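**Student:** Sharing a structure below in structure tokens format, with a few things to ask.
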Amino acid sequence: MPVRLGKIGYLNVLPIYHPLETGILPMDCEVTSGPPAELNKLMDAGKLDVSACSSVEYARHADKYYLIPDIAIGSRGPVQSVLLLSRRPVEELDGRTILVSAQTHTSAALLRVLQAKLWNIKTVFTTGSATDVLGTGERPQAILCIGDEALNLRYHPDYPHRIDLGEAWRELTGLPFIFGVWIVRRESWERNREKVEQAAQLLLAGKNWGTENIGDVCVMAAEESCLNVDEMCSYFDGLVYDLGSEEQKGMRAFYESLVETGIIDAAPELVFLP
């Protein structure tokens, strides 16, 4: 039985999955694509074996998962695709409502942390699609959008205040921020260790291919985006695909902040594949 592999349906993972899905690197996996929140649910329900998932999903259910080492998706500053778009300065959002993308768990949690620890404000969250809401003519006070939607909406004329959450995290901590990790269900590892190990190694090989050929990836991505090649290269240049010591330090700081703000009860250990 092939390994059930989850893929975030955003441009930011194109460097990793392009060589797998085009046959550059042979793959024997059944791929399911979706937004992070959906992949989180599928992993939690045991419907995927290996997947990219929100770093919050690992924090909430660390006992179910192993982290795949040396692969993640994050930033060491501006990430460009996780944005708080506001009609007023962020400090003036206290007591107001923010429309939050239903596709994200980590970014919403990060926004809570930044509100508490950086801006000292409290807001109400409602969930929905920013693109759909804006299409009706409605203009919420602020919108948290992620992924390709954030890239498309980042210069919306009705939202002059743009806060990049990756940059805000660096302002708060000086550390990288890891939005997503690749995880393995422990049950899948015990049941099908050889194939799961092969899938993990395949993802790492995909990451290596993608980072070595990032110029070609930028050109491909720009062909199907509102960004031109230079903008796309700028976007990918700001992304982190490693999970080294600094990135792990950033994850631990985020988990400790989630405890401080009451989002999780305890910060998990980072447990990698045996």
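Chain labels run A, B, ... following the order of the structure tokens; each chain numbers its residues from 1, and ligands are numbered from 1 in the order shown.
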Could you name the residues that touch A:Phe272 at 12 Å or less, counting only C-alpha atoms, but leaving out those on the same chain fewer than 3 positions away, as a PyMOL selection string?

**Tutor:** chain A and resi 58+62-71+181-186+189+200+243+248+269

**Student:** Got a sec to tell me which of stretch 20-100 of chain A DSSP assigns to helix (DSSP H, G or I), as a list of chain:residue names?

**Tutor:** A:Leu20, A:Glu21, A:Pro36, A:Ala37, A:Glu38, A:Leu39, A:Asn40, A:Lys41, A:Leu42, A:Met43, A:Asp44, A:Ser55, A:Val56, A:Glu57, A:Tyr58, A:Ala59, A:Arg60, A:Ala62, A:Asp63, A:Lys64, A:Val90, A:Glu91, A:Glu92, A:Leu93

**Student:** Print the selection's residues with N, CA, C and O atoms to a file, as a compact mmCIF listing (two decimals), in the first residue's frame.

**Tutor:**
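Just written: selection-v9.txt:
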# COMPACT_ATOMS: atom_id res chain seq x y z
N LEU A 20 8.90 15.80 -7.30
CA LEU A 20 8.22 14.56 -6.97
C LEU A 20 7.06 14.31 -7.94
O LEU A 20 6.86 13.19 -8.42
N GLU A 21 6.31 15.35 -8.23
CA GLU A 21 5.09 15.18 -9.01
C GLU A 21 5.34 15.15 -10.52
O GLU A 21 4.46 14.77 -11.29
N PRO A 36 -3.45 24.07 4.87
CA PRO A 36 -2.89 23.48 6.11
C PRO A 36 -3.95 22.98 7.08
O PRO A 36 -3.81 21.90 7.65
N ALA A 37 -5.02 23.75 7.27
CA ALA A 37 -6.04 23.35 8.25
C ALA A 37 -6.66 22.01 7.87
O ALA A 37 -6.97 21.19 8.75
N GLU A 38 -6.86 21.76 6.58
CA GLU A 38 -7.44 20.51 6.14
C GLU A 38 -6.47 19.35 6.33
O GLU A 38 -6.85 18.25 6.76
N LEU A 39 -5.19 19.57 6.01
CA LEU A 39 -4.19 18.52 6.21
C LEU A 39 -4.05 18.18 7.69
O LEU A 39 -3.85 17.02 8.05
N ASN A 40 -4.16 19.19 8.55
CA ASN A 40 -4.11 18.94 10.00
C ASN A 40 -5.20 17.94 10.40
O ASN A 40 -4.96 16.98 11.14
N LYS A 41 -6.41 18.16 9.90
CA LYS A 41 -7.54 17.29 10.25
C LYS A 41 -7.32 15.88 9.72
O LYS A 41 -7.61 14.89 10.41
N LEU A 42 -6.81 15.77 8.50
CA LEU A 42 -6.59 14.45 7.90
C LEU A 42 -5.51 13.68 8.66
O LEU A 42 -5.65 12.47 8.89
N MET A 43 -4.45 14.37 9.07
CA MET A 43 -3.41 13.70 9.85
C MET A 43 -3.96 13.26 11.20
O MET A 43 -3.72 12.13 11.66
N ASP A 44 -4.68 14.14 11.86
CA ASP A 44 -5.23 13.84 13.18
C ASP A 44 -6.17 12.64 13.11
O ASP A 44 -6.22 11.81 14.02
N SER A 55 2.60 24.06 12.24
CA SER A 55 3.42 23.79 13.43
C SER A 55 2.54 23.70 14.68
O SER A 55 2.89 23.01 15.64
N VAL A 56 1.37 24.35 14.66
CA VAL A 56 0.44 24.24 15.78
C VAL A 56 -0.14 22.83 15.88
O VAL A 56 -0.40 22.34 16.98
N GLU A 57 -0.35 22.16 14.75
CA GLU A 57 -0.87 20.78 14.79
C GLU A 57 0.12 19.88 15.52
O GLU A 57 -0.30 19.04 16.33
N TYR A 58 1.41 20.05 15.26
CA TYR A 58 2.39 19.26 16.01
C TYR A 58 2.31 19.60 17.50
O TYR A 58 2.34 18.70 18.35
N ALA A 59 2.18 20.88 17.82
CA ALA A 59 2.13 21.29 19.23
C ALA A 59 0.96 20.67 19.96
O ALA A 59 1.06 20.28 21.13
N ARG A 60 -0.17 20.57 19.28
CA ARG A 60 -1.39 20.09 19.93
C ARG A 60 -1.44 18.57 20.05
O ARG A 60 -2.11 18.03 20.94
N ALA A 62 1.51 16.29 19.66
CA ALA A 62 2.89 15.82 19.48
C ALA A 62 3.04 14.34 19.80
O ALA A 62 3.92 13.67 19.25
N ASP A 63 2.18 13.82 20.66
CA ASP A 63 2.29 12.40 21.02
C ASP A 63 1.93 11.48 19.86
O ASP A 63 2.26 10.29 19.88
N LYS A 64 1.28 12.01 18.82
CA LYS A 64 0.88 11.20 17.66
C LYS A 64 1.93 11.19 16.55
O LYS A 64 1.83 10.38 15.64
N VAL A 90 -2.25 48.98 13.36
CA VAL A 90 -2.57 47.78 14.14
C VAL A 90 -2.92 48.13 15.59
O VAL A 90 -3.79 47.50 16.20
N GLU A 91 -2.29 49.15 16.15
CA GLU A 91 -2.55 49.52 17.55
C GLU A 91 -3.98 50.01 17.73
O GLU A 91 -4.50 50.04 18.86
N GLU A 92 -4.64 50.42 16.66
CA GLU A 92 -6.01 50.92 16.73
C GLU A 92 -7.05 49.82 16.49
O GLU A 92 -8.25 50.11 16.42
N LEU A 93 -6.60 48.59 16.40
CA LEU A 93 -7.54 47.48 16.20
C LEU A 93 -8.07 46.93 17.51
O LEU A 93 -8.90 46.01 17.50

**Student:** Rank nothing, just name the residue among A:Asn120, A:Ser54, A:Ser75, A:Asn228 nearest to A:Ala108, using only C-alpha atoms.

**Tutor:**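 Among the listed residues, A:Ser54 lies closest to A:Ala108.
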
**Student:** Can you list, as a PyMOL selection string, every protein, DNA or RNA residue that comes within 12 Å of A:Ser33 when you count only C-alpha atoms, leaving out same-chain residues fewer than 2 positions away?

**Tutor:** chain A and resi 4-11+13-14+17+21+30-31+35-40+42+48+51-53

**Student:** Mind checking which residues fall within 9 Å of A:Leu118, counting only C-alpha atoms, ignoring those fewer than 4 positions away in the same chain, and posting them as a ChimeraX atom specification?

**Tutor:** /A:113-114,168-169,171-172

**Student:** With only C-alpha atoms as the basis for distance, which of A:Val229, A:Val50, A:Val259, A:Ile24 is at the shortest distance from A:Gln198?

**Tutor:** A:Val50

**Student:** Which neighbours of A:Leu99 fall inside 8 Å, counting only C-alpha atoms, when residues of the same chain fewer than 5 positions from it are skipped, and could you give them as a list in words?

**Tutor:**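 So the residues in contact are Phe125, Thr126, Thr127, Gly128, Ala130, Pro140, Ala142, Ile143 and Leu144 of chain A.
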
**Student:** Give me a file of those residues, with N, CA, C and O atoms, as a short mmCIF file (atom, residue, chain, number, x, y, z; two decimals), in the first residue's frame.

**Tutor:**
data_model
loop_
_atom_site.label_atom_id
_atom_site.label_comp_id
_atom_site.auth_asym_id
_atom_site.auth_seq_id
_atom_site.Cartn_x
_atom_site.Cartn_y
_atom_site.Cartn_z
N PHE A 125 -11.97 37.31 16.52
CA PHE A 125 -11.73 36.66 15.23
C PHE A 125 -13.04 36.10 14.66
O PHE A 125 -13.83 35.49 15.39
N THR A 126 -13.25 36.32 13.39
CA THR A 126 -14.26 35.58 12.64
C THR A 126 -13.54 34.90 11.49
O THR A 126 -12.53 35.42 10.99
N THR A 127 -14.01 33.74 11.07
CA THR A 127 -13.33 33.00 10.00
C THR A 127 -14.10 33.09 8.70
O THR A 127 -15.33 33.20 8.70
N GLY A 128 -13.37 33.05 7.61
CA GLY A 128 -13.98 33.09 6.30
C GLY A 128 -12.93 33.32 5.23
O GLY A 128 -11.73 33.39 5.52
N ALA A 130 -11.26 35.75 2.69
CA ALA A 130 -11.10 37.18 2.42
C ALA A 130 -11.50 37.51 1.00
O ALA A 130 -12.19 38.52 0.74
N PRO A 140 -14.05 44.43 5.81
CA PRO A 140 -13.75 44.27 7.24
C PRO A 140 -12.63 45.21 7.68
O PRO A 140 -11.82 45.65 6.86
N ALA A 142 -10.02 44.52 9.36
CA ALA A 142 -8.72 43.89 9.14
C ALA A 142 -8.93 42.45 8.70
O ALA A 142 -9.95 41.82 9.01
N ILE A 143 -7.94 41.93 7.98
CA ILE A 143 -8.01 40.58 7.41
C ILE A 143 -6.67 39.90 7.66
O ILE A 143 -5.61 40.47 7.39
N LEU A 144 -6.71 38.67 8.14
CA LEU A 144 -5.52 37.83 8.18
C LEU A 144 -5.62 36.84 7.03
O LEU A 144 -6.52 36.00 7.01
#

**Student:** Please measure the separation of atom CA of A:Ser257 and atom CA of A:Val124, giving the value in Å to one decimal.

**Tutor:**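 For atom CA of A:Ser257 relative to atom CA of A:Val124, the distance reads 19.2 Å.
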
**Student:** What gap, in Å, lies between atom CA of A:Cys145 and atom CA of A:Asp158?

**Tutor:**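 Distance reported for this atom pair: 14.7 Å.
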
**Student:** Nearest residue to A:His156 out of A:Ser107, A:Asn213, A:Ser81, A:Ser86, using only C-alpha atoms?

**Tutor:**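 Answer, going by the shortest atom-to-atom distance: A:Ser86.
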
**Student:** Kindly indicate which residue among A:Leu175, A:Cys233, A:Leu273, A:Ala267 lies nearest to A:Asn12, using only C-alpha atoms for the distances.

**Tutor:**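 Once distances to A:Asn12 are computed over only C-alpha atoms, the minimum belongs to A:Cys233.
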
**Student:** What does the distance between atom CA of A:Ile163 and atom CA of A:Arg96 come to in Å, to one decimal place?

**Tutor:**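 The value is 16.3 Å.
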
**Student:** Using only C-alpha atoms, which of the listed residues (A:Glu231, A:Glu187, A:Glu194, A:Glu212) sits closest to A:Asn152?

**Tutor:**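 Looking only at the distances to A:Asn152, the closest residue turns out to be A:Glu231.
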
**Student:** Can you list, as a compact mmCIF listing (two decimals) with N, CA and C atoms, in the first residue's frame, every protein, DNA or RNA residue that comes within 12 Å of A:Lys249 when you count only C-alpha atoms, leaving out same-chain residues fewer than 3 positions away?

**Tutor:**
# COMPACT_ATOMS: atom_id res chain seq x y z
N THR A 173 11.13 38.56 18.69
CA THR A 173 12.04 37.55 19.24
C THR A 173 13.44 37.53 18.64
N GLY A 174 13.58 38.07 17.44
CA GLY A 174 14.86 37.97 16.74
C GLY A 174 15.11 36.60 16.11
N LEU A 175 14.08 35.76 16.09
CA LEU A 175 14.23 34.37 15.65
C LEU A 175 13.46 34.09 14.36
N PRO A 176 13.83 33.02 13.65
CA PRO A 176 13.01 32.57 12.51
C PRO A 176 11.64 32.11 13.02
N PHE A 177 10.68 32.10 12.12
CA PHE A 177 9.38 31.53 12.46
C PHE A 177 9.07 30.38 11.52
N ILE A 178 8.68 29.25 12.11
CA ILE A 178 8.35 28.06 11.32
C ILE A 178 6.83 27.92 11.29
N LEU A 243 15.28 23.07 9.04
CA LEU A 243 14.84 22.99 10.43
C LEU A 243 16.08 22.76 11.30
N GLY A 244 16.99 23.73 11.18
CA GLY A 244 18.23 23.68 11.94
C GLY A 244 18.06 24.22 13.35
N SER A 245 19.17 24.48 14.02
CA SER A 245 19.11 24.86 15.44
C SER A 245 18.37 26.18 15.66
N GLU A 246 18.58 27.17 14.78
CA GLU A 246 17.90 28.46 14.95
C GLU A 246 16.40 28.32 14.70
N ARG A 252 10.48 26.51 19.50
CA ARG A 252 10.32 26.38 20.95
C ARG A 252 9.81 27.68 21.56
N ALA A 253 10.34 28.81 21.07
CA ALA A 253 9.88 30.11 21.57
C ALA A 253 8.39 30.32 21.26
N PHE A 254 7.97 29.88 20.07
CA PHE A 254 6.56 30.00 19.69
C PHE A 254 5.70 29.13 20.60
N TYR A 255 6.13 27.91 20.84
CA TYR A 255 5.34 27.02 21.70
C TYR A 255 5.26 27.56 23.13
N GLU A 256 6.35 28.12 23.62
CA GLU A 256 6.30 28.73 24.96
C GLU A 256 5.34 29.92 24.98
N GLU A 269 8.00 18.63 23.37
CA GLU A 269 9.37 18.39 22.93
C GLU A 269 9.35 18.21 21.41
N LEU A 270 10.47 18.55 20.78
CA LEU A 270 10.61 18.30 19.34
C LEU A 270 11.20 16.91 19.18

**Student:** When you count only C-alpha atoms, which of these residues is closest to A:Ala222: A:Leu151, A:Leu239, A:Val196, A:Gln103?

**Tutor:**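 Once distances to A:Ala222 are computed over only C-alpha atoms, the minimum belongs to A:Leu151.
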
**Student:** Out of stretch 125-263 of chain A, which residues get strand (DSSP E) from DSSP, as a list of chain:residue names?

**Tutor:**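 Matching residues, listed in order: A:Phe125, A:Thr126, A:Thr127, A:Gly128, A:Ala142, A:Ile143, A:Leu144, A:Cys145, A:Ile146, A:His161, A:Arg162, A:Ile163, A:Asp164, A:Phe177, A:Ile178, A:Phe179, A:Gly180, A:Val181, A:Trp182, A:Ile183, A:Val184, A:Arg185, A:Leu239, A:Val240.
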
**Student:** Taking only C-alpha atoms into account, produce a table as a Markdown table in which each residue of stretch 81-151 of chain A with an atom at most 9 Å from an atom of stretch 260-264 of chain A appears once, together with its shortest atom pair and the distance in Å to one decimal, ordered by chain and rising number.

**Tutor:**
| residue | atom | partner | partner_atom | distance |
| --- | --- | --- | --- | --- |
| A:Ala109 | CA | A:Ile263 | CA | 7.4 |
| A:Arg112 | CA | A:Thr261 | CA | 7.7 |
| A:Val113 | CA | A:Thr261 | CA | 6.6 |
| A:Ala116 | CA | A:Thr261 | CA | 7.3 |
| A:Lys117 | CA | A:Thr261 | CA | 8.8 |

**Student:** For the residues selected in the previous step, produce a file with all heavy atoms as a CSV table (one decimal), in the first residue's frame.

**Tutor:**
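Output below, filename again.csv:
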chain,number,residue,atom,x,y,z
A,109,ALA,N,-2.9,31.5,15.4
A,109,ALA,CA,-2.2,31.5,16.8
A,109,ALA,C,-1.1,32.5,16.9
A,109,ALA,O,-1.0,33.1,17.9
A,109,ALA,CB,-1.7,30.0,17.0
A,112,ARG,N,-2.5,35.9,17.6
A,112,ARG,CA,-2.9,36.0,19.0
A,112,ARG,C,-1.6,36.3,19.9
A,112,ARG,O,-1.7,37.2,20.8
A,112,ARG,CB,-3.5,34.7,19.5
A,112,ARG,CG,-4.9,34.4,19.0
A,112,ARG,CD,-5.9,35.3,19.6
A,112,ARG,NE,-7.3,34.9,19.3
A,112,ARG,CZ,-8.3,35.7,19.3
A,112,ARG,NH1,-8.2,37.0,19.5
A,112,ARG,NH2,-9.5,35.3,19.0
A,113,VAL,N,-0.5,35.6,19.6
A,113,VAL,CA,0.7,35.9,20.4
A,113,VAL,C,1.2,37.3,20.1
A,113,VAL,O,1.5,38.0,21.1
A,113,VAL,CB,1.8,34.9,20.0
A,113,VAL,CG1,3.1,35.3,20.5
A,113,VAL,CG2,1.4,33.5,20.4
A,116,ALA,N,-0.9,39.9,22.0
A,116,ALA,CA,-0.6,39.9,23.4
A,116,ALA,C,0.7,40.4,23.8
A,116,ALA,O,0.9,41.2,24.7
A,116,ALA,CB,-0.8,38.5,24.0
A,117,LYS,N,1.8,40.0,23.0
A,117,LYS,CA,3.1,40.3,23.5
A,117,LYS,C,3.8,41.5,22.7
A,117,LYS,O,4.8,42.0,23.2
A,117,LYS,CB,4.0,39.0,23.3
A,117,LYS,CG,3.5,37.8,24.1
A,117,LYS,CD,4.4,36.6,24.0
A,117,LYS,CE,5.7,36.8,24.7
A,117,LYS,NZ,6.5,35.6,24.8
